[in-house]
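Q: Sharing structure_5.cif (mmCIF, C-alpha atoms) below.
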data_entry
#
loop_
_atom_site.label_atom_id
_atom_site.label_comp_id
_atom_site.auth_asym_id
_atom_site.auth_seq_id
_atom_site.Cartn_x
_atom_site.Cartn_y
_atom_site.Cartn_z
CA MET A 254 72.83 26.63 -27.36
CA LYS A 255 75.29 28.17 -29.83
CA LEU A 256 74.99 25.03 -31.92
CA LEU A 257 71.21 25.46 -32.11
CA VAL A 258 71.52 29.12 -33.10
CA ARG A 259 74.14 28.31 -35.75
CA TYR A 260 71.95 25.53 -37.15
CA CYS A 261 68.89 27.79 -37.36
CA LEU A 262 70.77 30.67 -38.99
CA GLN A 263 72.47 28.37 -41.51
CA GLU A 264 69.12 26.92 -42.54
CA LEU A 265 67.70 30.42 -42.80
CA LEU A 266 70.61 31.72 -44.90
CA ALA A 267 70.53 28.77 -47.29
CA THR A 268 66.80 29.21 -47.92
CA ILE A 269 67.16 32.98 -48.43
CA VAL A 270 69.98 32.53 -50.97
CA VAL A 271 67.99 30.05 -53.06
CA ALA A 272 64.87 32.23 -52.93
CA LEU A 273 66.84 35.36 -53.84
CA VAL A 274 68.52 33.74 -56.85
CA ILE A 275 65.20 32.58 -58.28
CA SER A 276 63.18 35.72 -57.53
CA CYS A 277 65.91 38.15 -58.64
CA LEU A 278 66.41 36.30 -61.93
CA ILE A 279 62.69 36.55 -62.72
CA LEU A 280 62.38 40.18 -61.59
CA VAL A 281 65.55 41.38 -63.36
CA LEU A 282 64.33 39.85 -66.62
CA ALA A 283 60.92 41.50 -66.19
CA MET A 284 62.45 44.90 -65.35
CA GLY A 285 64.95 44.56 -68.19
CA MET A 286 62.14 43.95 -70.66
CA ARG A 287 60.29 46.97 -69.29
CA GLU A 288 63.34 49.19 -69.81
CA ALA A 289 63.82 47.72 -73.28
CA LEU A 290 60.25 48.59 -74.25
CA ARG A 291 60.55 52.06 -72.72
CA HIS A 292 63.80 53.00 -74.49
CA GLY A 293 63.55 50.77 -77.58
CA LEU A 294 66.61 48.72 -76.64
CA SER A 295 67.99 45.79 -78.58
CA PRO A 296 68.34 42.41 -76.79
CA GLY A 297 72.11 42.94 -76.41
CA LEU A 298 71.69 46.37 -74.88
CA MET A 299 68.91 45.06 -72.64
CA LEU A 300 71.35 42.50 -71.21
CA ARG A 301 73.86 45.29 -70.55
CA THR A 302 71.30 47.19 -68.48
CA MET A 303 70.49 44.21 -66.23
CA PRO A 304 73.47 44.58 -63.82
CA TYR A 305 72.26 48.13 -63.09
CA LEU A 306 68.84 46.72 -62.13
CA LEU A 307 70.24 44.17 -59.67
CA PRO A 308 70.60 46.43 -56.56
CA GLN A 309 67.01 47.66 -56.87
CA THR A 310 65.80 44.09 -57.44
CA LEU A 311 67.63 42.78 -54.37
CA ALA A 312 66.21 45.58 -52.22
CA ILE A 313 62.69 44.57 -53.32
CA CYS A 314 63.20 40.81 -52.93
CA ILE A 315 65.07 40.58 -49.60
CA PRO A 316 62.07 41.27 -47.28
CA ILE A 317 59.83 38.77 -49.10
CA CYS A 318 62.55 36.12 -49.31
CA LEU A 319 63.32 36.62 -45.62
CA LEU A 320 59.66 36.05 -44.78
CA LEU A 321 59.63 32.91 -46.95
CA ALA A 322 62.79 31.56 -45.30
CA ILE A 323 61.50 32.21 -41.76
CA THR A 324 58.15 30.54 -42.38
CA LEU A 325 59.76 27.51 -44.07
CA VAL A 326 62.49 27.00 -41.44
CA PHE A 327 60.36 27.57 -38.34
CA GLY A 328 57.43 25.73 -39.91
CA ARG A 329 59.59 22.70 -40.58
CA MET A 330 61.08 22.85 -37.08
CA ALA A 331 57.59 22.98 -35.61
CA GLY A 332 56.34 20.21 -37.89
CA THR A 333 59.20 17.83 -36.96
CA ASN A 334 58.79 18.67 -33.23
CA GLU A 335 62.28 20.20 -33.02
CA LEU A 336 60.89 23.22 -31.17
CA LEU A 337 58.99 20.91 -28.83
CA ALA A 338 62.21 19.02 -28.08
CA ILE A 339 64.00 22.30 -27.36
CA LYS A 340 61.27 23.32 -24.90
CA ALA A 341 61.45 19.86 -23.27
CA LEU A 342 65.13 20.52 -22.55
CA GLY A 343 64.12 23.67 -20.70
CA ILE A 344 65.35 26.00 -23.43
CA SER A 345 63.05 28.84 -24.47
CA PRO A 346 62.37 29.19 -28.23
CA MET A 347 63.45 32.82 -27.80
CA VAL A 348 67.01 31.49 -27.90
CA LEU A 349 66.38 30.92 -31.63
CA ILE A 350 63.93 33.76 -32.25
CA ILE A 351 66.13 36.61 -30.99
CA PRO A 352 69.06 35.83 -33.36
CA VAL A 353 66.59 35.59 -36.26
CA LEU A 354 65.11 38.99 -35.37
CA THR A 355 68.65 40.39 -35.08
CA ALA A 356 69.47 38.95 -38.51
CA SER A 357 66.33 40.65 -39.91
CA VAL A 358 67.64 43.99 -38.60
CA TRP A 359 70.92 43.37 -40.43
CA ALA A 360 68.92 42.45 -43.53
CA GLY A 361 67.18 45.84 -43.24
CA LEU A 362 70.54 47.60 -43.09
CA ILE A 363 71.65 45.69 -46.20
CA VAL A 364 68.47 46.86 -47.97
CA VAL A 365 69.30 50.48 -47.07
CA GLY A 366 72.81 49.97 -48.46
CA LEU A 367 71.41 48.50 -51.68
CA ILE A 368 69.03 51.45 -52.08
CA GLU A 369 71.97 53.81 -51.60
CA PHE A 370 74.08 51.89 -54.12
CA ASN A 371 71.17 51.89 -56.58
CA ALA A 372 70.80 55.66 -56.20
CA VAL A 373 74.43 56.20 -57.22
CA ARG A 374 75.33 53.24 -59.46
CA GLY A 375 72.05 51.55 -60.32
CA THR A 376 69.10 52.58 -62.49
CA ARG A 377 70.41 56.14 -62.46
CA GLN A 378 73.05 54.99 -64.97
CA ILE A 379 70.63 53.43 -67.47
CA PRO A 380 69.75 56.72 -69.27
CA ARG A 381 73.49 57.41 -69.64
CA LEU A 382 74.06 53.92 -71.03
CA VAL A 383 71.17 54.38 -73.46
CA LEU A 384 72.56 57.75 -74.57
CA GLN A 385 76.02 56.30 -75.13
CA SER A 386 74.40 53.53 -77.21
CA LEU A 387 72.18 56.02 -79.01
CA ALA A 388 73.24 54.87 -82.50
CA GLU A 389 72.33 51.25 -81.69
CA VAL A 390 69.01 52.33 -80.17
CA ALA A 391 68.23 54.51 -83.19
CA TYR A 392 68.96 51.72 -85.68
CA THR A 393 66.69 49.33 -83.76
CA LYS A 394 63.86 51.86 -83.77
CA LEU A 395 64.36 52.88 -87.42
CA ARG A 396 64.22 49.28 -88.64
CA VAL A 397 60.83 48.88 -86.99
CA ASP A 398 59.16 52.30 -87.32
CA GLY A 399 61.21 54.17 -89.93
CA ALA A 400 61.48 57.12 -87.54
CA PHE A 401 63.37 57.96 -84.36
CA GLN A 402 63.33 60.98 -82.04
CA SER A 403 65.60 61.93 -79.14
CA PRO A 404 66.66 65.17 -77.40
CA LEU A 405 69.71 65.29 -79.71
CA PHE A 406 68.05 64.72 -83.09
CA SER A 407 65.10 63.25 -84.96
CA VAL A 408 65.32 61.24 -88.16
CA VAL A 409 62.92 59.78 -90.71
CA VAL A 410 64.11 57.22 -93.26
CA LYS A 411 62.59 55.29 -96.14
CA ARG A 412 64.73 52.17 -95.76
CA VAL A 413 67.48 50.75 -93.54
CA ASN A 414 70.05 48.66 -95.38
CA GLY A 415 72.46 47.27 -92.80
CA THR A 416 74.00 50.39 -91.25
CA ILE A 417 73.07 52.61 -94.20
CA LEU A 418 69.98 54.81 -93.89
CA GLU A 419 68.41 55.60 -97.25
CA ASP A 420 66.37 58.72 -98.18
CA VAL A 421 66.98 60.45 -94.86
CA VAL A 422 65.48 63.59 -93.31
CA LEU A 423 67.52 64.53 -90.25
CA THR A 424 66.52 67.36 -87.91
CA ILE A 425 68.84 68.72 -85.20
CA PRO A 426 66.98 71.06 -82.82
CA ALA A 427 68.32 74.50 -81.95
CA ARG A 428 70.79 74.51 -79.08
CA GLU A 429 73.25 76.93 -77.43
CA GLY A 430 72.40 79.79 -79.76
CA LEU A 431 72.64 77.63 -82.89
CA PRO A 432 69.66 77.47 -85.26
CA GLU A 433 67.72 74.33 -86.09
CA ILE A 434 69.46 72.26 -88.77
CA THR A 435 67.62 70.11 -91.31
CA ILE A 436 69.59 67.72 -93.52
CA THR A 437 68.05 65.83 -96.42
CA ALA A 438 70.35 63.12 -97.79
CA GLU A 439 70.29 60.09 -100.03
CA GLU A 440 72.29 58.10 -97.49
CA ALA A 441 73.36 58.53 -93.87
CA GLU A 442 75.13 56.58 -91.17
CA LEU A 443 75.20 56.89 -87.38
CA LEU A 444 78.41 56.32 -85.40
CA THR A 445 79.22 56.67 -81.69
CA ASP A 446 82.64 58.05 -80.67
CA LEU A 447 82.94 57.22 -76.95
CA LYS A 448 86.45 58.71 -76.72
CA ARG A 449 85.11 62.15 -77.61
CA ASN A 450 81.65 61.35 -76.21
CA GLU A 451 79.96 62.30 -79.48
CA LEU A 452 77.41 60.92 -81.90
CA ILE A 453 78.63 61.28 -85.50
CA VAL A 454 75.99 61.64 -88.24
CA ARG A 455 77.64 61.00 -91.63
CA CYS A 456 75.47 62.09 -94.59
CA ARG A 457 76.12 61.66 -98.32
CA ARG A 458 74.67 63.60 -101.28
CA GLY A 459 71.98 65.94 -100.08
CA GLU A 460 71.03 69.40 -98.88
CA VAL A 461 71.44 71.17 -95.55
CA GLU A 462 69.31 74.04 -94.22
CA ALA A 463 70.17 76.01 -91.08
CA GLY A 464 67.38 78.14 -89.69
CA PHE A 465 65.77 80.26 -92.40
CA THR A 466 68.84 80.41 -94.65
CA LYS A 467 68.84 78.99 -98.18
CA ARG A 468 69.60 75.34 -98.65
CA ALA A 469 73.17 74.38 -99.53
CA ARG A 470 73.84 71.32 -101.67
CA PHE A 471 76.64 68.84 -100.89
CA GLU A 472 77.70 65.96 -103.11
CA ASP A 473 80.35 64.30 -100.99
CA THR A 474 80.16 63.48 -97.26
CA LEU A 475 78.89 65.83 -94.58
CA GLU A 476 79.63 64.96 -90.95
CA GLN A 477 77.72 66.42 -88.02
CA ALA A 478 78.99 65.79 -84.48
CA LEU A 479 76.53 65.86 -81.57
CA PRO A 480 77.88 65.86 -77.98
CA LEU A 481 76.46 63.00 -75.92
CA ASP A 482 75.71 65.11 -72.89
CA VAL A 483 72.97 63.70 -70.68
CA PRO A 484 70.04 66.08 -71.14
CA HIS A 485 68.74 67.90 -68.10
CA GLN A 486 66.21 65.80 -66.27
CA ARG A 487 63.88 66.62 -63.43
CA ILE A 488 65.14 65.41 -60.06
CA ARG A 489 64.06 61.87 -59.24
CA ARG A 490 64.05 60.99 -55.57
CA GLU A 491 65.18 57.39 -56.14
CA TRP A 492 68.33 58.75 -57.83
CA LEU A 493 69.40 60.65 -54.71
CA SER A 494 71.62 59.17 -52.02
CA LEU A 495 70.86 60.03 -48.40
CA ALA A 496 73.91 62.31 -48.38
CA GLU A 497 72.61 64.24 -51.42
CA ILE A 498 69.09 64.78 -50.07
CA PRO A 499 69.82 67.74 -47.68
CA GLU A 500 71.61 69.73 -50.40
CA THR A 501 68.84 68.94 -52.89
CA LEU A 502 66.21 70.11 -50.41
CA LEU A 503 68.02 73.41 -49.89
CA ARG A 504 68.21 73.95 -53.66
CA LEU A 505 64.53 73.13 -54.12
CA GLU A 506 63.54 75.41 -51.23
CA ARG A 507 65.40 78.31 -52.88
CA GLU A 508 63.79 77.47 -56.23
CA TRP A 509 60.34 77.29 -54.62
CA ALA A 510 60.84 80.61 -52.82
CA HIS A 511 61.92 82.27 -56.09
CA LEU A 512 58.92 80.87 -57.97
CA ARG A 513 56.60 81.91 -55.15
CA GLU A 514 57.95 85.45 -55.24
CA ARG A 515 57.46 85.65 -59.02
CA TRP A 516 53.93 84.27 -58.75
CA GLU A 517 53.02 86.76 -56.00
CA ARG A 518 54.27 89.63 -58.14
CA GLU A 519 52.26 88.45 -61.15
CA ARG A 520 49.17 87.94 -59.01
CA SER A 521 49.44 91.42 -57.52
CA SER A 522 49.69 92.86 -61.04
CA GLY A 523 46.51 91.02 -62.03
CA ARG A 524 48.25 88.75 -64.57
CA PRO A 525 48.92 85.44 -62.80
CA SER A 526 50.55 82.85 -65.07
CA ALA A 527 48.95 79.41 -65.13
CA ALA A 528 52.24 77.84 -66.29
CA LEU A 529 54.13 79.49 -63.43
CA GLN A 530 51.54 78.32 -60.92
CA GLU A 531 51.81 74.76 -62.24
CA GLN A 532 55.60 74.89 -61.97
CA LEU A 533 55.27 76.20 -58.41
CA LEU A 534 52.96 73.32 -57.45
CA GLU A 535 55.26 70.73 -59.08
CA THR A 536 58.28 72.09 -57.19
CA GLU A 537 56.36 72.07 -53.91
CA GLN A 538 55.22 68.47 -54.50
CA LEU A 539 58.77 67.37 -55.34
CA LEU A 540 60.08 69.14 -52.24
CA ARG A 541 57.63 67.21 -50.05
CA ARG A 542 58.41 63.89 -51.72
CA ILE A 543 62.16 64.29 -51.19
CA THR A 544 61.55 65.37 -47.57
CA VAL A 545 59.66 62.10 -46.97
CA GLU A 546 62.17 59.98 -48.92
CA PRO A 547 64.65 59.15 -46.08
CA PHE A 548 61.78 58.04 -43.82
CA ARG A 549 60.32 55.96 -46.66
CA ARG A 550 63.61 54.19 -47.34
CA TRP A 551 64.20 53.25 -43.72
CA ALA A 552 60.57 52.12 -43.35
CA ASN A 553 60.87 49.93 -46.46
CA ALA A 554 64.14 48.46 -45.22
CA PHE A 555 62.82 47.64 -41.76
CA SER A 556 59.85 45.83 -43.20
CA CYS A 557 62.30 42.91 -42.80
CA LEU A 558 61.93 43.13 -39.01
CA SER A 559 58.17 43.62 -39.24
CA PHE A 560 57.80 40.59 -41.52
CA ALA A 561 59.99 38.49 -39.21
CA LEU A 562 57.91 39.37 -36.13
CA VAL A 563 54.78 38.17 -37.91
CA GLY A 564 56.36 35.22 -39.72
CA VAL A 565 57.89 33.48 -36.70
CA PRO A 566 54.68 32.97 -34.63
CA VAL A 567 52.55 32.16 -37.67
CA ALA A 568 55.09 29.55 -38.83
CA ILE A 569 55.23 27.95 -35.38
CA SER A 570 51.42 27.81 -35.21
CA TRP A 571 50.67 26.75 -38.82
CA GLY A 572 53.86 25.05 -39.91
CA LYS A 573 53.05 21.71 -38.33
CA GLU A 574 50.68 20.94 -41.20
CA ASN A 575 52.30 22.70 -44.16
CA PRO A 576 55.27 25.11 -43.85
CA LEU A 577 54.46 26.69 -47.22
CA ALA A 578 50.88 27.40 -46.08
CA SER A 579 52.28 29.51 -43.24
CA PHE A 580 54.10 31.68 -45.78
CA PHE A 581 50.88 32.42 -47.66
CA ALA A 582 49.10 32.92 -44.34
CA CYS A 583 51.58 35.77 -43.75
CA PHE A 584 52.09 37.06 -47.27
CA VAL A 585 48.43 37.42 -48.29
CA PRO A 586 47.45 39.62 -45.29
CA ILE A 587 50.69 41.60 -45.71
CA SER A 588 49.85 42.18 -49.39
CA ILE A 589 46.31 43.26 -48.49
CA LEU A 590 47.14 45.28 -45.38
CA TYR A 591 50.78 46.39 -45.23
CA TYR A 592 51.55 47.53 -48.79
CA PRO A 593 48.31 49.53 -49.31
CA LEU A 594 48.79 51.09 -45.86
CA MET A 595 52.40 51.94 -46.73
CA MET A 596 51.30 53.69 -49.94
CA PHE A 597 48.48 55.48 -48.13
CA SER A 598 50.76 56.70 -45.32
CA GLU A 599 53.32 57.88 -47.89
CA ASN A 600 50.65 59.85 -49.78
CA VAL A 601 49.31 61.56 -46.65
CA ALA A 602 52.89 62.32 -45.53
CA VAL A 603 53.72 63.85 -48.92
CA SER A 604 50.50 65.89 -48.83
CA GLY A 605 51.50 67.27 -45.42
CA ILE A 606 48.55 65.81 -43.49
CA VAL A 607 50.90 63.84 -41.22
CA PRO A 608 54.63 64.32 -40.52
CA PRO A 609 57.12 62.33 -42.65
CA ILE A 610 57.60 59.74 -39.90
CA GLY A 611 54.00 58.70 -40.60
CA VAL A 612 55.31 56.37 -43.34
CA TRP A 613 56.25 53.99 -40.51
CA LEU A 614 52.56 53.34 -39.78
CA GLY A 615 52.49 50.00 -41.63
CA ASN A 616 55.67 48.79 -39.88
CA VAL A 617 54.35 49.75 -36.44
CA LEU A 618 51.06 47.95 -37.09
CA LEU A 619 52.83 44.75 -38.19
CA MET A 620 55.17 44.92 -35.19
CA VAL A 621 52.22 45.22 -32.79
CA ILE A 622 50.42 42.31 -34.45
CA GLY A 623 53.62 40.23 -34.53
CA GLY A 624 54.38 40.96 -30.88
CA TYR A 625 50.87 39.91 -29.88
CA LEU A 626 51.06 36.67 -31.90
CA LEU A 627 54.55 35.88 -30.57
CA ARG A 628 53.41 36.36 -26.99
CA GLY A 629 50.54 33.96 -27.58
CA VAL A 630 52.80 31.30 -29.09
CA LEU A 631 55.37 31.51 -26.25
CA SER A 632 52.69 31.29 -23.57
CA ARG A 633 51.46 27.92 -24.85
#
Could you show the structure in this file as structure tokens?

A:
Amino acid sequence: MKLLVRYCLQELLATIVVALVISCLILVLAMGMREALRHGLSPGLMLRTMPYLLPQTLAICIPICLLLAITLVFGRMAGTNELLAIKALGISPMVLIIPVLTASVWAGLIVVGLIEFNAVRGTRQIPRLVLQSLAEVAYTKLRVDGAFQSPLFSVVVKRVNGTILEDVVLTIPAREGLPEITITAEEAELLTDLKRNELIVRCRRGEVEAGFTKRARFEDTLEQALPLDVPHQRIRREWLSLAEIPETLLRLEREWAHLRERWERERSSGRPSAALQEQLLETEQLLRRITVEPFRRWANAFSCLSFALVGVPVAISWGKENPLASFFACFVPISILYYPLMMFSENVAVSGIVPPIGVWLGNVLLMVIGGYLLRGVLSR
């Protein structure tokens, strides 16, 4: 019996590995191109972002690849009468099914681990990488559009000659009590100093204006250093690890309570602020989304078990004719039923209509259907 289980799991693992390599390669390239278009990255920088996309890609691909492997392996075993031979020996197919379901639970735990790793070391690091490569990103954008804008500076040029920007208008927004700075120069160059974590703007022959003061002319070289600090960004739930979520919720609850108190005071005075009300609603929505996030992650991860419960009986029933047909017989209904139901249950949980555990609705439905189908297959 151990030999049968080992054989089934080895076949399953080999199929999953092949499917993951192919699907992850395609998806990482697609996501890398999306990030490149979003941030204006060069091909070299796009390749440097791809390792950060891999954990997220694996977390997306594992449930689908597991379903594909289960339907192919059990479909082939049914088609070559291996399952029939096992039953003829007086061995229940559950001897093979239970280890596969157990492996799907472990796959779900791996998905949770990948989501955690992605929250800390994955796509969360891409904005930092882009910021550290800001000079390269700016040159790429300036060669195409002649203009570039970021939280640190904006620049308009007439021409780009190698690394030299010609006829430059550089604007550095006001920050930390410093006025806005506008530099007009005949030439300029952008350099990144990673040791000091600064972007160096080196201008030659031009004028500089700070705030409303008079312009000052310079004939030699003027250097302006800009610290490459990651600008403040609104909290994104996919960038939070499970350990960070409770602390984030407490901080958001305090922020929401403070905004609510301010809004109540303004409303009682007859001058309610529309901007403050919008900020209050955004904070409340973010608070709900982060509250639902742990339930959503575990539900997404344990789609592996739900898919396995459906895939095994369908593969045994349909796989005799075409193992690949059994995969589409599972995947198409899952695409039509499970994923829309998952998004719907997440939306109603975020809106507060149902408790956060309601995001498990799609998983529970698939498990019920899979259990019913499995019972029917085993009874024959």

Q: Expressed in Å to a single decimal, how great is the separation between CA of Leu320 in chain A and CA of Val567 in chain A?

A: 10.8 Å

Q: Please build the interface table for range 436-468 of chain A against range 388-411 of chain A with a cut-off of 9 Å, listing for each qualifying residue the nearest atom pair and the distance in Å to one decimal; count only C-alpha atoms, order rows by chain and increasing number, and write it as CSV.

A:
residue,atom,partner,partner_atom,distance
A:Leu443,CA,A:Ala388,CA,5.6
A:Leu444,CA,A:Ala388,CA,6.1
A:Thr445,CA,A:Ala388,CA,6.3
A:Leu452,CA,A:Ala388,CA,7.4
A:Ile453,CA,A:Ala388,CA,8.9

Q: Using only C-alpha atoms, can you tell me which of A:Glu531, A:Met347, A:Leu618, A:Asn575 comes closest to Leu590 in chain A?

A: A:Leu618

Q: Since I can't run it myself right now, could you work out what the PyMOL selection byres ((chain A and resi 476) around 8) selects here and report it as a list in words?

A: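 Residues picked by the PyMOL selection byres ((chain A and resi 476) around 8): Ile453, Val454, Arg455, Cys456, Thr474, Leu475, Gln477 and Ala478 of chain A.
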
Q: Per residue of range 346-417 of chain A within 12 Å of range 329-336 of chain A, note the shortest atom pair and the distance in Å to one decimal, counting only C-alpha atoms, and order the rows by chain and increasing residue number, as CSV.

A:
residue,atom,partner,partner_atom,distance
A:Pro346,CA,A:Leu336,CA,6.8
A:Met347,CA,A:Leu336,CA,10.5
A:Val348,CA,A:Leu336,CA,10.8
A:Leu349,CA,A:Leu336,CA,9.5
A:Ile350,CA,A:Leu336,CA,11.0

Q: Using 4 Å of padding on each side, determine the axis-aligned box around all atoms of range 300-311 of chain A present in the file and give its centre and edge lengths in Å to one decimal, as JSON.

A:
{"center_x": 69.8, "center_y": 45.3, "center_z": -62.8, "size_x": 16.1, "size_y": 13.6, "size_z": 24.8}

Q: Selection in question (the file shown): the PyMOL selection byres ((chain A and resi 363-366) around 7). Which residues does it include, as a ChimeraX atom specification?

A: /A:312,359-362,367-370,550-551,554

Q: Care to translate the PyMOL selection byres ((chain A and resi 553) around 12) into actual residues of this file, as an NGL selection string?

A: :A and (312-317 or 358 or 360-365 or 367-368 or 546-552 or 554-560 or 591-592 or 595-596 or 599 or 612-617)

Q: Just the number, please: distance in Å from CA of Leu479 in chain A to CA of Asp446 in chain A, one decimal.

A: 10.0 Å

Q: Quick one: pull the distance between CA of Leu512 in chain A and CA of Glu500 in chain A, Å, one decimal.

A: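 Between these atoms lies a distance of 18.5 Å.
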
Q: Can you complete the atoms of range 449-462 of chain A to N, CA and C atoms and list them as a PDB file, in the frame of the given file?

A:
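Result file is result_25.pdb:
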ATOM      1  N   ARG A 449      85.473  60.728 -77.629  1.00  0.00           N
ATOM      2  CA  ARG A 449      85.110  62.150 -77.610  1.00  0.00           C
ATOM      3  C   ARG A 449      83.697  62.372 -77.096  1.00  0.00           C
ATOM      4  N   ASN A 450      83.014  61.275 -76.740  1.00  0.00           N
ATOM      5  CA  ASN A 450      81.650  61.350 -76.210  1.00  0.00           C
ATOM      6  C   ASN A 450      80.729  62.092 -77.174  1.00  0.00           C
ATOM      7  N   GLU A 451      80.755  61.643 -78.439  1.00  0.00           N
ATOM      8  CA  GLU A 451      79.960  62.300 -79.480  1.00  0.00           C
ATOM      9  C   GLU A 451      79.235  61.269 -80.327  1.00  0.00           C
ATOM     10  N   LEU A 452      78.111  61.692 -80.871  1.00  0.00           N
ATOM     11  CA  LEU A 452      77.410  60.920 -81.900  1.00  0.00           C
ATOM     12  C   LEU A 452      77.728  61.569 -83.241  1.00  0.00           C
ATOM     13  N   ILE A 453      78.256  60.779 -84.184  1.00  0.00           N
ATOM     14  CA  ILE A 453      78.630  61.280 -85.500  1.00  0.00           C
ATOM     15  C   ILE A 453      77.532  60.884 -86.498  1.00  0.00           C
ATOM     16  N   VAL A 454      76.969  61.885 -87.172  1.00  0.00           N
ATOM     17  CA  VAL A 454      75.990  61.640 -88.240  1.00  0.00           C
ATOM     18  C   VAL A 454      76.704  61.926 -89.562  1.00  0.00           C
ATOM     19  N   ARG A 455      76.892  60.883 -90.363  1.00  0.00           N
ATOM     20  CA  ARG A 455      77.640  61.000 -91.630  1.00  0.00           C
ATOM     21  C   ARG A 455      76.639  60.902 -92.790  1.00  0.00           C
ATOM     22  N   CYS A 456      76.448  62.023 -93.496  1.00  0.00           N
ATOM     23  CA  CYS A 456      75.470  62.090 -94.590  1.00  0.00           C
ATOM     24  C   CYS A 456      76.182  62.177 -95.944  1.00  0.00           C
ATOM     25  N   ARG A 457      75.538  61.631 -96.968  1.00  0.00           N
ATOM     26  CA  ARG A 457      76.120  61.660 -98.320  1.00  0.00           C
ATOM     27  C   ARG A 457      75.076  62.145 -99.324  1.00  0.00           C
ATOM     28  N   ARG A 458      75.494  63.088-100.176  1.00  0.00           N
ATOM     29  CA  ARG A 458      74.670  63.600-101.280  1.00  0.00           C
ATOM     30  C   ARG A 458      73.298  64.086-100.785  1.00  0.00           C
ATOM     31  N   GLY A 459      73.243  65.386-100.528  1.00  0.00           N
ATOM     32  CA  GLY A 459      71.980  65.940-100.080  1.00  0.00           C
ATOM     33  C   GLY A 459      72.036  67.437 -99.922  1.00  0.00           C
ATOM     34  N   GLU A 460      71.128  67.959 -99.120  1.00  0.00           N
ATOM     35  CA  GLU A 460      71.030  69.400 -98.880  1.00  0.00           C
ATOM     36  C   GLU A 460      70.953  69.632 -97.375  1.00  0.00           C
ATOM     37  N   VAL A 461      71.483  70.783 -96.957  1.00  0.00           N
ATOM     38  CA  VAL A 461      71.440  71.170 -95.550  1.00  0.00           C
ATOM     39  C   VAL A 461      70.833  72.563 -95.453  1.00  0.00           C
ATOM     40  N   GLU A 462      69.968  72.751 -94.452  1.00  0.00           N
ATOM     41  CA  GLU A 462      69.310  74.040 -94.220  1.00  0.00           C
ATOM     42  C   GLU A 462      69.447  74.370 -92.751  1.00  0.00           C
TER      43      GLU A 462
END
